[in-house]
file upload-v6.txt (compact mmCIF, C-alpha atoms)
# COMPACT_ATOMS: atom_id res chain seq x y z
CA MET A 1 -180.48 165.39 201.49
CA PRO A 2 -179.94 163.84 204.96
CA VAL A 3 -180.03 160.08 205.02
CA THR A 4 -182.02 158.41 207.83
CA THR A 5 -181.60 154.91 209.16
CA THR A 6 -182.84 152.98 212.15
CA GLU A 7 -182.37 155.08 215.28
CA SER A 8 -179.78 153.85 217.71
CA PRO A 9 -181.06 153.18 221.26
CA GLU A 10 -178.07 154.91 222.81
CA ARG A 11 -177.15 158.54 222.38
CA GLY A 12 -173.56 159.32 221.41
CA ALA A 13 -171.48 161.69 223.47
CA ASP A 14 -171.42 164.34 220.70
CA GLU A 15 -175.17 164.33 219.97
CA ARG A 16 -177.13 167.51 220.59
CA PRO A 17 -180.69 167.64 221.90
CA GLY A 18 -183.31 168.02 219.20
CA ARG A 19 -181.25 166.44 216.42
CA SER A 20 -181.86 163.00 215.05
CA VAL A 21 -179.09 160.54 215.71
CA ASP A 22 -178.70 159.96 211.97
CA GLU A 23 -178.65 163.58 210.83
CA ARG A 24 -175.35 165.04 209.73
CA PRO A 25 -174.70 168.76 209.32
CA GLY A 26 -174.02 169.99 205.80
CA ARG A 27 -170.39 170.64 204.93
CA SER A 28 -168.96 173.68 203.25
CA VAL A 29 -166.42 172.41 200.70
CA PRO A 30 -164.75 174.69 198.13
CA LYS A 31 -165.74 173.71 194.63
CA PRO A 32 -162.99 173.25 192.02
CA VAL A 33 -162.83 175.92 189.38
CA PHE A 34 -161.14 174.99 186.12
CA THR A 35 -159.27 177.79 184.39
CA ASP A 36 -158.25 175.88 181.25
CA ALA A 37 -154.61 176.55 182.11
CA GLU A 38 -153.89 172.98 183.16
CA ALA A 39 -152.00 170.58 180.91
CA GLY A 40 -154.23 168.89 178.39
CA ALA A 41 -157.07 171.37 178.78
CA ARG A 42 -157.12 172.55 175.22
CA GLU A 43 -159.24 170.48 172.87
CA PHE A 44 -158.09 169.69 169.35
CA PRO A 45 -160.03 167.95 166.57
CA ASP A 46 -157.81 164.93 167.14
CA SER A 47 -157.96 164.92 170.95
CA GLY A 48 -160.26 161.89 171.02
CA ALA A 49 -158.97 158.47 171.99
CA SER A 50 -159.83 157.08 168.56
CA ALA A 51 -157.67 159.55 166.64
CA ARG A 52 -155.00 157.92 164.49
CA ARG A 53 -153.46 161.14 163.19
CA TYR A 54 -152.52 164.38 164.92
CA ASN A 55 -152.84 167.80 163.33
CA TYR A 56 -151.49 170.17 165.96
CA PHE A 57 -148.23 170.44 164.00
CA THR A 58 -147.32 171.20 160.42
CA PRO A 59 -145.77 168.16 158.70
CA ALA A 60 -142.55 168.59 156.72
CA LYS A 61 -144.17 167.15 153.59
CA ARG A 62 -147.69 167.01 152.23
CA LYS A 63 -148.62 164.07 154.42
CA GLN A 64 -147.47 163.61 157.97
CA THR A 65 -145.46 160.48 158.73
CA HIS A 66 -145.71 158.02 161.59
CA TYR A 67 -142.33 159.30 162.76
CA GLU A 68 -143.79 162.79 163.10
CA ASP A 69 -146.87 161.50 164.91
CA VAL A 70 -144.76 159.94 167.67
CA THR A 71 -141.97 162.54 167.77
CA VAL A 72 -143.07 166.09 166.95
CA GLU A 73 -144.13 168.16 169.99
CA VAL A 74 -143.82 165.19 172.34
CA GLN A 75 -141.45 167.41 174.28
CA PRO A 76 -143.51 170.57 174.78
CA ASP A 77 -142.29 174.13 174.64
CA PRO A 78 -143.97 177.23 176.12
CA ARG A 79 -143.19 178.97 172.83
CA HIS A 80 -145.09 176.21 171.07
CA TYR A 81 -148.54 175.46 172.50
CA LEU A 82 -147.60 174.91 176.18
CA ALA A 83 -149.92 177.62 177.51
CA GLN A 84 -149.30 176.96 181.20
CA GLY A 85 -145.51 177.35 180.99
CA TRP A 86 -142.87 174.80 181.96
CA ILE A 87 -144.13 172.32 184.54
CA TYR A 88 -140.64 171.63 185.93
CA GLY A 89 -137.32 173.37 186.31
CA PHE A 90 -133.84 173.26 187.82
CA ALA A 91 -132.40 174.49 191.08
CA ASN A 92 -130.76 177.50 189.42
CA GLY A 93 -134.12 178.81 188.24
CA GLU A 94 -133.92 177.61 184.65
CA SER A 95 -136.92 175.74 183.31
CA GLY A 96 -137.39 172.93 180.82
CA TYR A 97 -135.01 173.07 177.88
CA PRO A 98 -133.13 176.40 177.86
CA LEU A 99 -132.21 177.55 174.38
CA HIS A 100 -128.85 178.90 175.52
CA TRP A 101 -127.51 175.38 175.97
CA THR A 102 -125.98 175.99 172.54
CA LYS A 103 -124.66 179.20 171.00
CA LEU A 104 -126.42 178.33 167.74
CA LYS A 105 -129.66 180.17 167.07
CA ALA A 106 -132.75 179.48 165.00
CA TRP A 107 -135.29 182.11 164.00
CA GLY A 108 -137.59 183.27 166.75
CA VAL A 109 -135.40 182.38 169.72
CA ASP A 110 -134.99 186.04 170.69
CA GLU A 111 -138.75 186.57 170.84
CA PRO A 112 -139.91 186.91 174.46
CA GLU A 113 -141.78 184.04 176.02
CA PRO A 114 -145.50 184.74 176.56
CA GLN A 115 -146.31 186.50 179.81
CA ARG A 116 -148.37 184.33 182.10
CA GLY A 117 -151.48 185.55 183.87
CA ILE A 118 -154.35 184.10 185.83
CA GLY A 119 -156.21 181.31 184.12
CA SER A 120 -155.37 181.23 180.44
CA GLY A 121 -152.12 183.11 180.89
CA GLY A 122 -153.54 186.53 180.12
CA LEU A 123 -152.73 186.22 176.43
CA PRO A 124 -154.57 188.39 173.95
CA LYS A 125 -157.09 186.78 171.65
CA ASN A 126 -155.64 185.17 168.52
CA PHE A 127 -152.16 185.40 169.99
CA THR A 128 -149.47 183.99 167.67
CA TRP A 129 -147.00 181.83 169.54
CA PRO A 130 -143.37 182.84 169.02
CA ALA A 131 -142.53 179.42 167.63
CA HIS A 132 -138.86 179.18 166.67
CA GLY A 133 -136.94 177.50 163.89
CA TRP A 134 -135.65 174.64 166.00
CA HIS A 135 -139.05 172.98 165.60
CA GLU A 136 -138.56 172.71 161.84
CA PHE A 137 -135.96 169.95 162.20
CA ARG A 138 -136.95 166.45 161.09
CA ASP A 139 -134.60 163.49 161.17
CA PRO A 140 -134.38 162.18 157.57
CA ASN A 141 -133.78 158.71 159.06
CA GLU A 142 -137.19 159.01 160.77
CA GLU A 143 -135.79 157.26 163.82
CA TRP A 144 -137.95 156.55 166.85
CA GLU A 145 -138.04 153.80 169.42
CA GLN A 146 -139.36 150.99 167.22
CA THR A 147 -137.16 151.68 164.19
CA LEU A 148 -134.13 152.10 166.43
CA TYR A 149 -134.49 148.61 167.88
CA ARG A 150 -135.31 147.05 164.53
CA TYR A 151 -132.28 148.57 162.81
CA ASN A 152 -129.76 147.58 165.47
CA ALA A 153 -131.25 144.10 165.80
CA ASN A 154 -130.94 143.56 162.05
CA VAL A 155 -127.32 144.72 162.04
CA VAL A 156 -126.39 142.42 164.93
CA ARG A 157 -128.21 139.49 163.31
CA GLN A 158 -126.30 139.96 160.06
CA LEU A 159 -122.94 140.29 161.82
CA ASN A 160 -123.57 137.17 163.87
CA GLN A 161 -124.33 135.21 160.71
CA ASN A 162 -121.16 136.48 159.00
CA VAL A 163 -118.93 135.62 161.96
CA GLU A 164 -120.56 132.22 162.43
CA ASN A 165 -120.06 131.38 158.74
CA ALA A 166 -116.40 132.37 159.04
CA ARG A 167 -116.03 130.22 162.13
CA ASN A 168 -117.59 127.18 160.43
CA SER A 169 -115.44 127.56 157.32
CA LYS A 170 -112.21 128.09 159.32
CA ALA A 171 -111.72 131.42 157.55
CA PHE A 172 -109.62 132.80 160.40
CA ASP A 173 -106.89 130.25 159.64
CA LEU A 174 -106.12 132.17 156.44
CA TRP A 175 -105.06 135.36 158.21
CA ALA A 176 -101.47 136.58 157.85
CA PRO A 177 -99.60 136.56 161.21
CA ASN A 178 -98.96 140.30 161.22
CA TRP A 179 -102.63 140.92 160.46
CA VAL A 180 -103.62 138.96 163.55
CA HIS A 181 -101.40 141.28 165.57
CA PHE A 182 -102.91 144.33 163.84
CA VAL A 183 -106.49 143.29 164.56
CA GLU A 184 -105.91 142.41 168.21
CA ARG A 185 -104.25 145.74 168.95
CA HIS A 186 -105.65 148.33 166.55
CA VAL A 187 -109.08 147.15 165.42
CA GLY A 188 -109.74 146.36 169.06
CA ALA A 189 -108.56 149.82 170.12
CA TRP A 190 -111.24 151.46 167.99
CA MET A 191 -113.96 150.10 170.27
CA HIS A 192 -112.78 152.55 172.96
CA ILE A 193 -113.49 155.50 170.68
CA GLU A 194 -116.96 154.24 169.74
CA HIS A 195 -117.85 153.58 173.37
CA ILE A 196 -116.63 156.99 174.56
CA LEU A 197 -118.40 158.90 171.80
CA GLY A 198 -121.63 156.96 172.18
CA LEU A 199 -121.87 157.24 175.94
CA TYR A 200 -120.10 160.48 176.83
CA VAL A 201 -120.71 162.68 173.78
CA PHE A 202 -124.04 161.70 172.23
CA GLY A 203 -125.59 160.12 175.29
CA SER A 204 -124.63 162.89 177.68
CA ASN A 205 -125.83 165.65 175.32
CA GLU A 206 -129.14 164.02 174.41
CA ARG A 207 -131.03 165.86 177.16
CA SER A 208 -129.63 169.26 176.17
CA ALA A 209 -131.17 169.64 172.69
CA PRO A 210 -134.17 171.98 172.32
CA THR A 211 -136.80 169.66 170.79
CA ASN A 212 -137.80 166.03 170.96
CA MET A 213 -136.82 165.62 167.32
CA HIS A 214 -133.22 166.56 168.15
CA ASN A 215 -133.17 164.48 171.33
CA THR A 216 -134.40 161.39 169.50
CA ALA A 217 -131.75 161.79 166.77
CA LEU A 218 -129.01 162.14 169.38
CA ALA A 219 -130.27 159.12 171.29
CA ALA A 220 -130.34 157.03 168.10
CA ASN A 221 -126.80 158.13 167.24
CA SER A 222 -125.72 157.18 170.75
CA THR A 223 -127.20 153.69 170.54
CA ARG A 224 -125.55 153.03 167.18
CA LYS A 225 -122.15 154.01 168.59
CA ILE A 226 -122.57 151.86 171.68
CA ARG A 227 -123.82 148.93 169.58
CA PHE A 228 -120.79 149.21 167.28
CA ALA A 229 -118.45 149.21 170.28
CA GLN A 230 -120.17 146.04 171.50
CA ASP A 231 -119.88 144.52 168.02
CA LEU A 232 -116.11 145.02 168.15
CA ALA A 233 -115.91 143.68 171.71
CA LEU A 234 -117.83 140.50 170.85
CA TYR A 235 -115.78 140.06 167.69
CA ASN A 236 -112.64 140.34 169.80
CA LEU A 237 -113.92 137.57 172.09
CA THR A 238 -114.68 135.34 169.11
CA LEU A 239 -111.18 135.80 167.70
CA SER A 240 -109.71 134.97 171.13
CA GLU A 241 -111.48 131.60 170.90
CA GLU A 242 -110.79 130.88 167.23
CA ILE A 243 -107.20 132.04 166.69
CA GLU A 244 -104.47 130.43 168.73
CA GLY A 245 -102.34 133.01 170.49
CA PHE A 246 -104.77 135.88 169.83
CA ASP A 247 -104.42 138.33 172.74
CA GLY A 248 -107.90 139.62 173.48
CA ALA A 249 -106.58 142.18 175.98
CA ALA A 250 -103.93 143.75 173.72
CA HIS A 251 -106.28 146.55 172.64
CA VAL A 252 -106.25 147.97 176.17
CA GLU A 253 -102.48 148.34 176.16
CA ALA A 254 -102.59 149.80 172.63
CA TRP A 255 -105.19 152.39 173.62
CA ASN A 256 -103.35 153.35 176.78
CA SER A 257 -99.76 153.23 175.58
CA ASP A 258 -99.22 152.98 171.81
CA ALA A 259 -97.98 156.29 170.41
CA GLU A 260 -100.13 155.85 167.29
CA TRP A 261 -103.31 156.09 169.37
CA GLN A 262 -102.50 158.94 171.69
CA GLY A 263 -103.54 161.67 169.23
CA ALA A 264 -106.94 160.05 168.62
CA ARG A 265 -107.32 159.42 172.34
CA LYS A 266 -106.56 163.04 173.18
CA LEU A 267 -109.08 164.28 170.63
CA THR A 268 -111.77 161.81 171.70
CA GLU A 269 -111.44 162.83 175.33
CA ALA A 270 -111.52 166.50 174.31
CA LEU A 271 -114.87 165.91 172.60
CA THR A 272 -116.31 164.70 175.89
CA ALA A 273 -115.19 167.94 177.55
CA VAL A 274 -117.03 170.42 175.30
CA GLU A 275 -118.59 172.74 177.85
CA ASP A 276 -122.22 173.86 177.80
CA ASP A 277 -122.85 173.52 174.05
CA TRP A 278 -124.48 170.41 172.64
CA GLY A 279 -124.30 171.95 169.15
CA GLU A 280 -120.52 172.24 169.22
CA ALA A 281 -120.16 168.67 170.54
CA MET A 282 -122.30 167.27 167.71
CA PHE A 283 -120.63 169.42 165.05
CA ALA A 284 -117.09 168.62 166.18
CA THR A 285 -117.84 164.88 166.29
CA ASN A 286 -119.97 164.21 163.20
CA VAL A 287 -118.69 166.97 160.91
CA VAL A 288 -114.98 167.09 161.82
CA PHE A 289 -113.84 164.00 163.72
CA GLU A 290 -115.70 161.34 161.77
CA PRO A 291 -114.53 162.14 158.20
CA LEU A 292 -110.99 163.18 159.14
CA VAL A 293 -110.27 160.43 161.69
CA GLY A 294 -113.12 157.91 161.80
CA GLU A 295 -113.55 157.18 158.10
CA LEU A 296 -109.80 157.54 157.58
CA PHE A 297 -109.20 154.59 159.92
CA ARG A 298 -112.26 152.46 159.18
CA SER A 299 -112.52 152.78 155.39
CA ASN A 300 -109.12 153.91 154.20
CA LEU A 301 -107.07 151.62 156.44
CA VAL A 302 -108.89 148.61 157.89
CA MET A 303 -111.32 147.90 155.07
CA GLN A 304 -108.62 148.51 152.43
CA SER A 305 -106.04 146.27 154.15
CA ALA A 306 -108.09 143.29 155.27
CA ALA A 307 -108.64 141.32 152.06
CA PRO A 308 -104.97 141.28 150.90
CA ASN A 309 -104.12 139.85 154.33
CA GLY A 310 -106.63 137.01 153.99
CA ASP A 311 -109.37 138.60 156.08
CA TYR A 312 -112.84 138.87 154.58
CA VAL A 313 -114.67 139.04 157.93
CA THR A 314 -113.36 142.17 159.64
CA PRO A 315 -114.57 144.47 156.79
CA THR A 316 -118.15 143.30 157.42
CA VAL A 317 -117.88 144.21 161.11
CA MET A 318 -116.14 147.52 160.46
CA GLY A 319 -118.46 148.22 157.53
CA ALA A 320 -121.49 148.10 159.81
CA GLY A 321 -120.12 151.03 161.78
CA GLU A 322 -119.15 152.80 158.58
CA ASN A 323 -122.69 152.44 157.29
CA ASP A 324 -124.03 153.83 160.58
CA TYR A 325 -122.14 157.05 160.02
CA SER A 326 -122.41 157.54 156.26
CA GLN A 327 -126.06 156.53 155.90
CA ARG A 328 -127.58 157.68 159.19
CA ASP A 329 -125.41 159.79 161.50
CA LEU A 330 -124.22 162.16 158.80
CA ARG A 331 -127.71 162.46 157.27
CA TRP A 332 -129.35 163.77 160.42
CA THR A 333 -126.34 166.00 161.14
CA ILE A 334 -126.63 167.77 157.78
CA ALA A 335 -130.40 168.07 158.19
CA CYS A 336 -129.81 169.67 161.59
CA PHE A 337 -127.02 172.14 160.79
CA ALA A 338 -127.60 173.06 157.12
CA PRO A 339 -130.85 174.99 157.78
CA LEU A 340 -129.06 177.00 160.46
CA THR A 341 -126.52 178.36 157.96
CA ALA A 342 -129.46 179.57 155.85
CA ASP A 343 -131.63 180.71 158.76
CA LYS A 344 -133.79 183.72 157.90
CA GLU A 345 -132.70 185.52 161.07
CA PHE A 346 -129.36 184.11 162.29
CA ALA A 347 -127.58 182.73 159.20
CA ASP A 348 -124.49 184.94 159.55
CA HIS A 349 -124.26 184.30 163.28
CA ASN A 350 -124.39 180.52 162.78
CA ARG A 351 -121.91 180.47 159.89
CA GLN A 352 -119.38 182.48 161.88
CA LEU A 353 -119.88 180.23 164.88
CA MET A 354 -119.38 177.03 162.88
CA ALA A 355 -116.34 178.51 161.14
CA GLY A 356 -114.87 179.15 164.58
CA TRP A 357 -115.57 175.57 165.59
CA MET A 358 -113.75 174.29 162.49
CA THR A 359 -110.78 176.53 163.26
CA LYS A 360 -110.67 174.95 166.70
CA TRP A 361 -111.26 171.28 165.84
CA VAL A 362 -109.83 170.68 162.33
CA PRO A 363 -106.17 171.12 163.40
CA GLN A 364 -106.73 168.70 166.29
CA ALA A 365 -108.28 166.14 163.95
CA LEU A 366 -105.44 166.41 161.43
CA GLU A 367 -102.89 166.06 164.22
CA ALA A 368 -104.65 162.91 165.44
CA ALA A 369 -104.78 161.54 161.89
CA ARG A 370 -101.07 162.10 161.25
CA THR A 371 -100.22 160.47 164.59
CA MET A 372 -101.87 157.29 163.26
CA GLN A 373 -99.70 157.22 160.11
CA PRO A 374 -97.42 154.31 161.28
CA LEU A 375 -100.48 152.03 161.27
CA TRP A 376 -100.42 152.13 157.46
CA SER A 377 -97.17 150.13 157.58
CA ALA A 378 -98.16 147.63 160.29
CA ALA A 379 -99.55 144.85 158.08
CA ASP A 380 -97.72 142.66 155.54
CA HIS A 381 -99.87 143.81 152.64
CA LYS A 382 -100.12 147.57 152.73
CA PRO A 383 -103.17 149.70 151.96
CA PRO A 384 -102.92 152.77 149.70
CA ARG A 385 -100.39 155.38 150.87
CA PHE A 386 -101.29 157.34 153.97
CA GLU A 387 -101.14 160.67 152.15
CA ASP A 388 -103.56 159.37 149.51
CA SER A 389 -105.90 158.15 152.23
CA LEU A 390 -105.70 161.49 154.04
CA ASP A 391 -106.43 163.36 150.80
CA ARG A 392 -109.59 161.30 150.35
CA ALA A 393 -110.61 162.09 153.92
CA LYS A 394 -110.00 165.80 153.33
CA ASN A 395 -112.07 165.74 150.14
CA ARG A 396 -114.85 164.00 152.03
CA PHE A 397 -114.75 166.70 154.72
CA ALA A 398 -114.77 169.48 152.11
CA GLY A 399 -117.88 167.93 150.54
CA ILE A 400 -119.63 167.92 153.91
CA CYS A 401 -118.77 171.60 154.32
CA ARG A 402 -120.39 172.33 150.96
CA ASP A 403 -123.50 170.41 151.99
CA LEU A 404 -123.70 172.57 155.10
CA GLY A 405 -123.24 175.82 153.17
CA LEU A 406 -119.86 176.49 154.79
CA ASP A 407 -116.53 177.49 153.30
CA THR A 408 -113.75 174.94 153.51
CA PRO A 409 -111.45 176.08 156.35
CA GLU A 410 -107.87 177.12 155.65
CA GLU A 411 -106.75 174.73 158.38
CA LEU A 412 -107.52 171.80 156.02
CA LYS A 413 -104.36 172.65 154.06
CA GLN A 414 -102.16 171.59 156.94
call {"tool": "encode", "arguments": {"input": "upload-v6.txt", "output": "structure tokens"}}
result
Amino acid sequence: MPVTTTESPERGADERPGRSVDERPGRSVPKPVFTDAEAGAREFPDSGASARRYNYFTPAKRKQTHYEDVTVEVQPDPRHYLAQGWIYGFANGESGYPLHWTKLKAWGVDEPEPQRGIGSGGLPKNFTWPAHGWHEFRDPNEEWEQTLYRYNANVVRQLNQNVENARNSKAFDLWAPNWVHFVERHVGAWMHIEHILGLYVFGSNERSAPTNMHNTALAANSTRKIRFAQDLALYNLTLSEEIEGFDGAAHVEAWNSDAEWQGARKLTEALTAVEDDWGEAMFATNVVFEPLVGELFRSNLVMQSAAPNGDYVTPTVMGAGENDYSQRDLRWTIACFAPLTADKEFADHNRQLMAGWMTKWVPQALEAARTMQPLWSAADHKPPRFEDSLDRAKNRFAGICRDLGLDTPEELKQ
């Protein structure tokens, strides 16, 4: 309806005879038409703002967990509910999270993506989405943003208390001289490995995984690695203040120049160079490198040698990183890869692929481990023999292979 007001005494230049000064012509404006193809158009029983639970996914157990509520389907997939297709893509034409960013396969990945049409996408009624097996993964650690911060904060708080107690009780004065030299060069050198793996293996591959559940697990693994590297760096600074003559920069020279570290350095840098396959990078790091090199050094050398040399503090720092791997990193890794070796569609493909990865990476890990052998003789009070330590590491690796449903590789006999 036109709106009239008090008439102006002067006529504007664009007024036409016979029309009131206050009349405006009606406008022809296209009206929006909603096709229900836009994001968020579909209504679910739990779409209301007051919903405390979400039921658009199938929980892993009888009851869904808070971890699943904040993680599952947060990263959408056009094979899994995203009716309008990917809403972003890359310059080369790929969209979203391409499944070929790993050679591993989970059931359903070869099913064609739904063909899009006008409006709803032109899908037939009662269409069954070609959901694939990647979406079945759940992190047994149930890590998400809140738990991630809480866990790392608790670890740092405990380590700070341990180091402060040692400082107050002058515990560092009890260390054997050769052990001081060992810690400044070799314990310090391990921080380089943790930093590189956390930032350039787990961190750089986090975006490549196919679901939000995988991405969150990779991100959590990355933060634990980076936190452990910082733990070692701060511990190194504390020792520089507390122990007279402690060289806080010696670990840099050891990492760059000591022959004992060049095998581990070569392997660590090779892990950062895995090309176009996040699955291989995770498998090579958490399944091969960690038990054959990581636990070999942390548990079978440092934590076995410290106490006889008067050091009861370093095992608590190193043990925090050991707990990260054995209780969290390895758990999600087995939960990720074990179902793939029993996949209802691609089990043989995945087992052959992982066997090939072990053939490639196990010899490199054993070479790196044997290069570190002189470290077993560096301290005054020796740990168990290197060969015994390596046998334990090999047995640990063989057990992980069994958990994954894989045969122990022949290369382990080297």
call {"tool": "atom_distance", "arguments": {"input": "upload-v6.txt", "atom1": "atom CA of Trp361 of chain A", "atom2": "atom CA of Thr285 of chain A"}}
result
9.2 Å
call {"tool": "closest_residue", "arguments": {"input": "upload-v6.txt", "among": "A:Pro374, A:Gly294, A:Gly279, A:Pro363", "to": "Lys103 of chain A", "atoms": "only C-alpha atoms"}}
result
A:Gly279
call {"tool": "atom_distance", "arguments": {"input": "upload-v6.txt", "atom1": "atom CA of Thr71 of chain A", "atom2": "atom CA of Pro339 of chain A"}}
result
19.5 Å
call {"tool": "residues_near_point", "arguments": {"input": "upload-v6.txt", "point": "(-142.6, 168.8, 155.6)", "cutoff": "12 Å", "atoms": "only C-alpha atoms", "output": "JSON, numbers by chain"}}
result
{"A": [57, 58, 59, 60, 61, 62, 63, 64, 65, 67, 68, 72, 135, 136, 137, 138, 139, 140]}
call {"tool": "closest_residue", "arguments": {"input": "upload-v6.txt", "among": "A:Gly96, A:Pro177, A:Gly89, A:Gly133", "to": "Asp110 of chain A", "atoms": "all atoms listed in the file"}}
result
A:Gly133
call {"tool": "atom_distance", "arguments": {"input": "upload-v6.txt", "atom1": "atom CA of Asn323 of chain A", "atom2": "atom CA of Trp376 of chain A"}}
result
22.3 Å
